[in-house]
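*Asks:* To be precise about what I am sending: the file is called protein-v7.cif and holds mmCIF, C-alpha atoms.
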```cif
data_final
loop_
_atom_site.label_atom_id
_atom_site.label_comp_id
_atom_site.auth_asym_id
_atom_site.auth_seq_id
_atom_site.Cartn_x
_atom_site.Cartn_y
_atom_site.Cartn_z
CA MET A 1 -97.07 43.62 154.26
CA ARG A 2 -100.36 41.71 154.47
CA LEU A 3 -103.12 42.56 156.85
CA PRO A 4 -106.02 40.28 157.85
CA GLY A 5 -108.44 39.86 154.99
CA LYS A 6 -107.63 41.42 151.68
CA GLN A 7 -106.27 44.67 153.00
CA THR A 8 -102.76 45.75 152.48
CA VAL A 9 -100.94 48.88 153.50
CA TYR A 10 -99.86 49.35 149.88
CA ARG A 11 -102.48 51.37 148.07
CA GLY A 12 -100.68 51.89 144.79
CA GLY A 13 -100.71 55.68 144.88
CA SER A 14 -98.12 57.87 143.19
CA GLY A 15 -96.26 58.19 146.50
CA GLN A 16 -95.70 54.44 146.69
CA TRP A 17 -94.70 54.11 143.03
CA SER A 18 -92.28 57.03 143.18
CA TRP A 19 -90.71 55.48 146.29
CA ALA A 20 -90.32 52.10 144.56
CA PHE A 21 -88.89 53.56 141.35
CA HIS A 22 -86.55 55.79 143.30
CA ARG A 23 -85.17 52.75 145.09
CA ILE A 24 -84.94 50.55 142.00
CA SER A 25 -83.27 53.28 139.91
CA GLY A 26 -80.87 54.08 142.76
CA ILE A 27 -79.72 50.46 143.08
CA ALA A 28 -79.34 50.10 139.30
CA VAL A 29 -77.29 53.29 138.94
CA PHE A 30 -75.07 52.34 141.89
CA LEU A 31 -74.29 48.93 140.39
CA PHE A 32 -73.46 50.57 137.06
CA LEU A 33 -71.25 53.08 138.86
CA LEU A 34 -69.11 50.29 140.35
CA ALA A 35 -68.59 48.77 136.89
CA HIS A 36 -68.02 52.19 135.34
CA ILE A 37 -65.23 53.06 137.79
CA MET A 38 -63.46 49.81 136.92
CA ASP A 39 -63.65 50.31 133.15
CA THR A 40 -62.54 53.94 133.40
CA ALA A 41 -59.65 52.92 135.65
CA LEU A 42 -58.19 51.15 132.61
CA VAL A 43 -57.27 54.60 131.27
CA GLY A 44 -54.38 54.38 133.72
CA PHE A 45 -53.07 51.30 131.89
CA GLY A 46 -52.71 52.99 128.52
CA PRO A 47 -54.62 53.16 125.21
CA GLU A 48 -54.69 49.45 124.24
CA ALA A 49 -56.31 48.28 127.47
CA TYR A 50 -58.88 51.08 127.63
CA ASN A 51 -59.89 51.06 123.96
CA ARG A 52 -60.33 47.29 123.92
CA VAL A 53 -62.71 47.33 126.89
CA VAL A 54 -64.57 50.52 126.00
CA ALA A 55 -65.40 49.12 122.55
CA VAL A 56 -68.00 47.03 124.39
CA TYR A 57 -70.02 50.23 124.86
CA HIS A 58 -70.54 50.47 121.10
CA HIS A 59 -72.40 47.16 120.90
CA PRO A 60 -76.15 47.51 120.10
CA ILE A 61 -77.27 45.64 123.23
CA ILE A 62 -75.11 47.84 125.42
CA ARG A 63 -76.43 50.93 123.59
CA LEU A 64 -79.92 49.78 124.57
CA LEU A 65 -78.85 49.37 128.22
CA GLU A 66 -77.31 52.83 127.98
CA ILE A 67 -80.75 54.28 127.18
CA GLY A 68 -82.09 52.45 130.25
CA LEU A 69 -79.30 53.96 132.33
CA GLY A 70 -80.23 57.45 131.13
CA ALA A 71 -83.90 56.81 131.94
CA MET A 72 -82.96 55.63 135.47
CA VAL A 73 -80.55 58.50 136.18
CA LEU A 74 -83.02 61.12 134.97
CA PHE A 75 -85.90 59.76 137.03
CA HIS A 76 -83.75 59.47 140.16
CA ALA A 77 -82.52 63.05 139.69
CA LEU A 78 -85.95 64.64 139.17
CA ASN A 79 -87.74 62.61 141.84
CA GLY A 80 -84.83 63.27 144.21
CA LEU A 81 -85.32 67.00 143.72
CA ARG A 82 -89.03 66.55 144.56
CA ILE A 83 -88.12 64.73 147.80
CA ILE A 84 -85.62 67.44 148.73
CA ALA A 85 -88.16 70.19 148.01
CA ILE A 86 -90.75 68.52 150.26
CA ASP A 87 -88.18 67.91 153.02
CA PHE A 88 -86.95 71.49 153.16
CA PHE A 89 -90.35 73.12 152.53
CA PRO A 90 -92.79 70.97 154.57
CA ARG A 91 -95.80 72.93 153.30
CA LEU A 92 -95.21 71.29 149.92
CA ALA A 93 -96.11 67.91 151.46
CA ASP A 94 -99.80 68.72 150.83
CA LYS A 95 -98.98 69.15 147.17
CA GLN A 96 -96.81 66.06 146.72
CA ARG A 97 -99.17 64.54 144.14
CA ILE A 98 -99.06 67.69 142.03
CA LEU A 99 -95.30 67.81 142.46
CA PHE A 100 -95.04 64.24 141.25
CA ASN A 101 -97.05 65.17 138.17
CA TYR A 102 -94.57 67.97 137.53
CA VAL A 103 -91.76 65.42 137.89
CA LEU A 104 -93.44 63.14 135.35
CA GLY A 105 -94.08 66.04 132.96
CA LEU A 106 -90.50 67.29 133.15
CA TYR A 107 -89.31 63.69 132.85
CA MET A 108 -91.16 63.22 129.58
CA ILE A 109 -89.94 66.56 128.22
CA LEU A 110 -86.31 65.72 129.01
CA MET A 111 -86.61 62.08 127.92
CA ALA A 112 -87.56 63.20 124.40
CA PRO A 113 -84.12 64.55 123.38
CA LEU A 114 -82.44 61.73 125.31
CA LEU A 115 -84.41 59.11 123.35
CA TYR A 116 -83.77 60.97 120.09
CA PHE A 117 -79.97 61.21 120.43
CA MET A 118 -79.44 57.83 122.07
CA GLY A 119 -81.97 56.15 119.79
CA LYS A 120 -80.05 57.50 116.81
CA GLY A 121 -76.83 56.14 118.28
CA PHE A 122 -78.51 52.78 118.86
CA ILE A 123 -79.76 52.51 115.26
CA GLU A 124 -76.37 53.54 113.88
CA SER A 125 -74.58 50.98 116.04
CA PHE A 126 -75.75 48.06 113.86
CA MET B 127 -127.64 28.87 165.71
CA ALA B 128 -124.46 30.57 166.49
CA THR B 129 -123.87 33.90 164.97
CA THR B 130 -120.36 34.72 164.02
CA THR B 131 -119.16 38.08 164.98
CA PRO B 132 -117.54 39.65 161.96
CA THR B 133 -113.94 40.15 162.83
CA LYS B 134 -112.75 43.61 162.19
CA PRO B 135 -109.42 43.74 160.45
CA ARG B 136 -106.97 44.74 163.09
CA PRO B 137 -104.58 47.54 162.24
CA ALA B 138 -101.08 46.37 161.55
CA ARG B 139 -98.77 46.58 164.50
CA ARG B 140 -96.30 49.32 163.84
CA ALA B 141 -92.69 48.33 163.85
CA ALA B 142 -90.86 49.63 166.87
CA ALA B 143 -88.85 52.73 166.09
CA ARG B 144 -85.14 52.21 165.91
CA PRO B 145 -83.72 53.14 169.30
CA ALA B 146 -82.22 56.57 169.56
CA ASN B 147 -78.71 55.98 170.77
CA GLY B 148 -77.69 59.60 170.94
CA SER B 149 -75.73 59.37 167.71
CA LYS B 150 -76.18 62.15 165.19
CA MET B 151 -75.00 59.88 162.36
CA GLU B 152 -78.48 59.34 160.91
CA LEU B 153 -79.07 63.10 160.87
CA TRP B 154 -75.77 63.75 159.11
CA THR B 155 -76.38 61.10 156.47
CA TRP B 156 -79.88 62.57 155.96
CA TYR B 157 -78.38 65.99 155.24
CA PHE B 158 -75.59 64.48 153.17
CA MET B 159 -78.03 62.66 150.87
CA ARG B 160 -79.92 65.88 150.14
CA LEU B 161 -76.94 68.17 149.70
CA SER B 162 -74.92 65.67 147.63
CA GLY B 163 -78.09 64.91 145.66
CA ILE B 164 -78.49 68.53 144.58
CA VAL B 165 -74.84 68.75 143.49
CA LEU B 166 -74.99 65.36 141.75
CA VAL B 167 -78.01 66.36 139.66
CA PHE B 168 -75.83 68.97 137.93
CA LEU B 169 -72.59 66.93 137.85
CA VAL B 170 -74.18 63.70 136.58
CA LEU B 171 -76.62 65.22 134.09
CA GLY B 172 -73.76 67.38 132.75
CA HIS B 173 -71.51 64.35 132.47
CA PHE B 174 -74.27 62.32 130.82
CA THR B 175 -75.01 65.06 128.28
CA ILE B 176 -71.34 65.43 127.30
CA VAL B 177 -70.50 61.74 127.11
CA HIS B 178 -73.77 60.19 125.87
CA LEU B 179 -75.80 62.80 124.01
CA ILE B 180 -73.61 65.42 122.32
CA ASP B 181 -72.01 64.69 118.95
CA THR B 182 -71.87 60.91 118.39
CA GLY B 183 -72.27 60.00 122.08
CA VAL B 184 -70.24 57.08 123.40
CA ASP B 185 -68.98 56.32 119.89
CA ARG B 186 -66.39 59.05 120.25
CA VAL B 187 -65.36 57.96 123.74
CA ASP B 188 -61.96 56.31 123.56
CA PHE B 189 -58.57 56.77 125.17
CA ALA B 190 -57.83 60.00 123.31
CA PHE B 191 -61.16 61.46 124.42
CA VAL B 192 -60.65 60.75 128.12
CA SER B 193 -56.97 61.66 127.95
CA GLY B 194 -57.86 65.03 126.39
CA ARG B 195 -60.38 65.80 129.09
CA TRP B 196 -58.10 64.76 131.94
CA SER B 197 -55.34 67.05 130.75
CA SER B 198 -57.51 69.82 132.15
CA PRO B 199 -57.52 70.28 135.95
CA PHE B 200 -61.14 71.43 135.68
CA TRP B 201 -62.40 68.11 134.32
CA GLN B 202 -60.15 66.16 136.67
CA THR B 203 -61.73 68.01 139.59
CA TYR B 204 -65.21 67.61 138.08
CA ASP B 205 -64.80 63.85 137.67
CA ALA B 206 -63.16 63.43 141.09
CA ALA B 207 -66.02 65.32 142.78
CA MET B 208 -68.60 63.23 140.91
CA LEU B 209 -66.74 60.05 141.89
CA VAL B 210 -66.55 60.86 145.61
CA LEU B 211 -70.09 62.26 145.96
CA GLY B 212 -71.67 59.60 143.73
CA LEU B 213 -70.00 56.71 145.55
CA MET B 214 -70.86 58.04 149.01
CA HIS B 215 -74.44 58.88 147.98
CA GLY B 216 -74.87 55.46 146.39
CA ALA B 217 -73.22 53.51 149.21
CA ASN B 218 -75.36 55.26 151.82
CA GLY B 219 -78.49 54.55 149.78
CA MET B 220 -77.49 50.89 149.57
CA ARG B 221 -76.90 50.85 153.34
CA VAL B 222 -80.51 51.96 153.87
CA VAL B 223 -81.73 49.29 151.43
CA VAL B 224 -79.73 46.60 153.27
CA GLU B 225 -81.09 47.74 156.63
CA ASP B 226 -84.62 47.61 155.25
CA TYR B 227 -84.49 44.10 153.81
CA VAL B 228 -81.78 42.13 155.61
CA ARG B 229 -82.25 40.95 159.18
CA PRO B 230 -79.82 42.64 161.57
CA SER B 231 -77.86 39.44 162.26
CA ARG B 232 -76.90 39.25 158.58
CA ALA B 233 -76.89 42.93 157.70
CA GLY B 234 -73.39 43.39 159.10
CA PHE B 235 -71.92 41.05 156.50
CA TYR B 236 -73.58 42.81 153.57
CA LYS B 237 -72.73 46.25 154.91
CA GLY B 238 -69.11 45.18 155.32
CA LEU B 239 -69.08 43.96 151.72
CA LEU B 240 -70.70 47.21 150.59
CA TYR B 241 -68.29 49.49 152.45
CA THR B 242 -65.26 47.47 151.35
CA SER B 243 -66.18 47.57 147.65
CA ALA B 244 -67.19 51.24 147.76
CA PHE B 245 -63.92 52.17 149.50
CA ALA B 246 -61.88 50.12 147.01
CA MET B 247 -63.60 51.88 144.09
CA LEU B 248 -63.05 55.25 145.74
CA VAL B 249 -59.31 54.63 146.11
CA LEU B 250 -58.99 53.15 142.61
CA GLY B 251 -60.91 55.98 140.95
CA LEU B 252 -59.12 58.79 142.75
CA LEU B 253 -55.74 57.16 142.14
CA ILE B 254 -56.38 56.96 138.39
CA ILE B 255 -57.65 60.54 138.08
CA ILE B 256 -54.97 62.14 140.24
CA THR B 257 -51.96 60.24 138.91
CA PHE B 258 -52.99 60.45 135.25
CA ASP B 259 -50.13 61.86 133.17
CA PRO B 260 -51.58 63.40 129.97
CA ASN B 261 -48.12 63.68 128.39
CA ARG B 262 -47.46 59.99 128.61
CA GLY B 263 -51.08 58.90 128.51
CA VAL B 264 -50.83 56.60 131.49
CA SER B 265 -51.09 56.68 135.24
CA THR B 266 -47.69 57.43 136.75
CA VAL B 267 -48.37 54.96 139.54
CA LEU B 268 -49.51 52.03 137.42
CA LYS B 269 -46.86 52.33 134.73
CA GLY B 270 -43.74 53.52 136.51
#
```
Can you give me the file's structure in the form of structure tokens?
*Replies:*
Amino acid sequence: MRLPGKQTVYRGGSGQWSWAFHRISGIAVFLFLLAHIMDTALVGFGPEAYNRVVAVYHHPIIRLLEIGLGAMVLFHALNGLRIIAIDFFPRLADKQRILFNYVLGLYMILMAPLLYFMGKGFIESF
Amino acid sequence: MATTTPTKPRPARRAAARPANGSKMELWTWYFMRLSGIVLVFLVLGHFTIVHLIDTGVDRVDFAFVSGRWSSPFWQTYDAAMLVLGLMHGANGMRVVVEDYVRPSRAGFYKGLLYTSAFAMLVLGLLIIITFDPNRGVSTVLKG
């Protein structure tokens, strides 16, 4: 939204960025979910059908997208918990910046093993 | 010489609040997003750890892997719960996104598309999980 002059209501604080990333990660994970239900449904058609399609997930490019999926899911989960905490304990609203820093800290701690295991899988997929 | 009065930037006009029509739907979806969100954190991160991180990750995921898991009622229930909650949580989130960016005259079309695809995936997913026959390795509905 643009205001007269050079002002804008978007100030680029952590609140705005967390909102944007929450939305983007949510949309991405939902779209993957729709595809994921369809590929898993092939289990009902027997081994040949399922194994043929699921082999796609072993391709290096897909392994890379898989890391992106993990990064999206993890952010959405942790930031979602922050939103829920603020909603149910309104006093935390004053501390939302600090809470977001906790989210980022925990995110980096949990992303480390995720990147290690999935990175290993990615390298071995060549 | 005319002096120009500096024009103060006017505050943006606030969008009118959506009319309260007495429906509690918005309140229920608000609660649903938070409660399902808490449950999904555990279900999804557990699922992700088992399928993507442990052992060789997705490399070991094939028919035998899924078939083995779905021979246990626990994992069938786990996956069914994740399917239902995840789809509803995601579809409701997408509804909010559509309402935010699509003008009301067109939003109905996109919401219809959204609800139809989410419902189709819900039926498909549940059907596959519930009718899966681990002894024969197929869905009893799809393959007689």
*Asks:* Can you work out which residues from chain B touch chain A at a cut-off of 9 Å (counting only C-alpha atoms) and hand them back as number ranges by chain?
*Replies:* B: 134-138, 160-161, 163-164, 166-167, 170-171, 174-175, 178-185, 187-190, 192-193, 209, 212-213, 215-217, 219-220, 223, 243-244, 247-248, 250-251, 253-255, 257-259, 262-269
*Asks:* To verify the selection step, state as a list in words which residues the PyMOL selection byres ((chain B and resi 237) around 10) yields on this input.
*Replies:* Ala217, Asn218, Met220, Arg221, Val222, Val224, Glu225, Val228, Arg232, Ala233, Gly234, Phe235, Tyr236, Gly238, Leu239, Leu240, Tyr241, Thr242 and Ser243 of chain B
*Asks:* Given only C-alpha atoms as the basis, pick out the residue of A:Met111, A:Leu106, A:Val56, A:Leu65 nearest to Asn79 of chain A.
*Replies:*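 Ranked by minimum distance to Asn79 of chain A, first place goes to A:Leu106.
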*Asks:* Which residue is closest to Trp196 of chain B? Choose from B:Ala246, B:Met214, B:Asn261, B:Glu152 and count all atoms listed in the file.
*Replies:* B:Asn261
*Asks:* Provide the atom CA of Val210 of chain B to atom CA of Val249 of chain B distance in Å, to one decimal place.
*Replies:* 9.6 Å
*Asks:* Enter the distance from atom CA of Thr203 of chain B to atom CA of Met72 of chain A, in Å, rounded to one decimal.
*Replies:*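 It comes out at 24.9 Å.
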*Asks:* So for segment 206-225 of chain B, what box centre and size do we get, axis-aligned, 6 Å extra on each of the six sides, every listed atom, Å to one decimal, as AutoDock Vina command-line options?
*Replies:*
```
--center_x -72.4 --center_y 56.0 --center_z 148.8 --size_x 30.6 --size_y 30.7 --size_z 27.7
```
*Asks:* What is the atom CA of Ala93 of chain A to atom CA of Gly15 of chain A distance in Å?
*Replies:*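 Going from atom CA of Ala93 of chain A over to atom CA of Gly15 of chain A, I get 10.9 Å.
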*Asks:* Please complete segment 34-58 of chain A with N, CA and C atoms and give it back as a PDB file, keeping the file's coordinate frame.
*Replies:*
```pdb
ATOM      1  N   LEU A  34     -70.236  51.145 139.967  1.00  0.00           N
ATOM      2  CA  LEU A  34     -69.110  50.290 140.350  1.00  0.00           C
ATOM      3  C   LEU A  34     -68.391  49.760 139.106  1.00  0.00           C
ATOM      4  N   ALA A  35     -69.195  49.291 138.123  1.00  0.00           N
ATOM      5  CA  ALA A  35     -68.590  48.770 136.890  1.00  0.00           C
ATOM      6  C   ALA A  35     -67.907  49.893 136.109  1.00  0.00           C
ATOM      7  N   HIS A  36     -68.525  51.059 136.107  1.00  0.00           N
ATOM      8  CA  HIS A  36     -68.020  52.190 135.340  1.00  0.00           C
ATOM      9  C   HIS A  36     -66.685  52.709 135.878  1.00  0.00           C
ATOM     10  N   ILE A  37     -66.505  52.637 137.203  1.00  0.00           N
ATOM     11  CA  ILE A  37     -65.230  53.060 137.790  1.00  0.00           C
ATOM     12  C   ILE A  37     -64.128  52.096 137.348  1.00  0.00           C
ATOM     13  N   MET A  38     -64.472  50.801 137.316  1.00  0.00           N
ATOM     14  CA  MET A  38     -63.460  49.810 136.920  1.00  0.00           C
ATOM     15  C   MET A  38     -63.059  49.965 135.460  1.00  0.00           C
ATOM     16  N   ASP A  39     -64.046  50.186 134.562  1.00  0.00           N
ATOM     17  CA  ASP A  39     -63.650  50.310 133.150  1.00  0.00           C
ATOM     18  C   ASP A  39     -62.857  51.608 132.916  1.00  0.00           C
ATOM     19  N   THR A  40     -63.260  52.681 133.593  1.00  0.00           N
ATOM     20  CA  THR A  40     -62.540  53.940 133.400  1.00  0.00           C
ATOM     21  C   THR A  40     -61.128  53.869 133.990  1.00  0.00           C
ATOM     22  N   ALA A  41     -60.965  53.057 135.025  1.00  0.00           N
ATOM     23  CA  ALA A  41     -59.650  52.920 135.650  1.00  0.00           C
ATOM     24  C   ALA A  41     -58.622  52.377 134.646  1.00  0.00           C
ATOM     25  N   LEU A  42     -59.110  51.700 133.603  1.00  0.00           N
ATOM     26  CA  LEU A  42     -58.190  51.150 132.610  1.00  0.00           C
ATOM     27  C   LEU A  42     -57.460  52.243 131.823  1.00  0.00           C
ATOM     28  N   VAL A  43     -57.969  53.474 131.892  1.00  0.00           N
ATOM     29  CA  VAL A  43     -57.270  54.600 131.270  1.00  0.00           C
ATOM     30  C   VAL A  43     -55.839  54.674 131.811  1.00  0.00           C
ATOM     31  N   GLY A  44     -55.697  54.338 133.081  1.00  0.00           N
ATOM     32  CA  GLY A  44     -54.380  54.380 133.720  1.00  0.00           C
ATOM     33  C   GLY A  44     -53.427  53.330 133.199  1.00  0.00           C
ATOM     34  N   PHE A  45     -53.930  52.364 132.417  1.00  0.00           N
ATOM     35  CA  PHE A  45     -53.070  51.300 131.890  1.00  0.00           C
ATOM     36  C   PHE A  45     -52.696  51.520 130.432  1.00  0.00           C
ATOM     37  N   GLY A  46     -53.093  52.677 129.906  1.00  0.00           N
ATOM     38  CA  GLY A  46     -52.710  52.990 128.520  1.00  0.00           C
ATOM     39  C   GLY A  46     -53.812  52.723 127.514  1.00  0.00           C
ATOM     40  N   PRO A  47     -53.596  53.193 126.256  1.00  0.00           N
ATOM     41  CA  PRO A  47     -54.620  53.160 125.210  1.00  0.00           C
ATOM     42  C   PRO A  47     -55.131  51.762 124.850  1.00  0.00           C
ATOM     43  N   GLU A  48     -54.237  50.768 124.721  1.00  0.00           N
ATOM     44  CA  GLU A  48     -54.690  49.450 124.240  1.00  0.00           C
ATOM     45  C   GLU A  48     -55.731  48.877 125.192  1.00  0.00           C
ATOM     46  N   ALA A  49     -55.406  48.875 126.477  1.00  0.00           N
ATOM     47  CA  ALA A  49     -56.310  48.280 127.470  1.00  0.00           C
ATOM     48  C   ALA A  49     -57.650  48.999 127.488  1.00  0.00           C
ATOM     49  N   TYR A  50     -57.626  50.326 127.523  1.00  0.00           N
ATOM     50  CA  TYR A  50     -58.880  51.080 127.630  1.00  0.00           C
ATOM     51  C   TYR A  50     -59.738  50.939 126.384  1.00  0.00           C
ATOM     52  N   ASN A  51     -59.112  51.111 125.206  1.00  0.00           N
ATOM     53  CA  ASN A  51     -59.890  51.060 123.960  1.00  0.00           C
ATOM     54  C   ASN A  51     -60.517  49.692 123.733  1.00  0.00           C
ATOM     55  N   ARG A  52     -59.799  48.631 124.136  1.00  0.00           N
ATOM     56  CA  ARG A  52     -60.330  47.290 123.920  1.00  0.00           C
ATOM     57  C   ARG A  52     -61.605  47.099 124.750  1.00  0.00           C
ATOM     58  N   VAL A  53     -61.564  47.538 126.007  1.00  0.00           N
ATOM     59  CA  VAL A  53     -62.710  47.330 126.890  1.00  0.00           C
ATOM     60  C   VAL A  53     -63.870  48.268 126.544  1.00  0.00           C
ATOM     61  N   VAL A  54     -63.527  49.529 126.219  1.00  0.00           N
ATOM     62  CA  VAL A  54     -64.570  50.520 126.000  1.00  0.00           C
ATOM     63  C   VAL A  54     -65.311  50.285 124.681  1.00  0.00           C
ATOM     64  N   ALA A  55     -64.721  49.460 123.800  1.00  0.00           N
ATOM     65  CA  ALA A  55     -65.400  49.120 122.550  1.00  0.00           C
ATOM     66  C   ALA A  55     -66.700  48.374 122.826  1.00  0.00           C
ATOM     67  N   VAL A  56     -66.778  47.734 123.979  1.00  0.00           N
ATOM     68  CA  VAL A  56     -68.000  47.030 124.390  1.00  0.00           C
ATOM     69  C   VAL A  56     -69.186  47.990 124.385  1.00  0.00           C
ATOM     70  N   TYR A  57     -68.933  49.236 124.757  1.00  0.00           N
ATOM     71  CA  TYR A  57     -70.020  50.230 124.860  1.00  0.00           C
ATOM     72  C   TYR A  57     -70.615  50.599 123.499  1.00  0.00           C
ATOM     73  N   HIS A  58     -69.995  50.157 122.418  1.00  0.00           N
ATOM     74  CA  HIS A  58     -70.540  50.470 121.100  1.00  0.00           C
ATOM     75  C   HIS A  58     -71.463  49.366 120.582  1.00  0.00           C
TER      76      HIS A  58
END
```
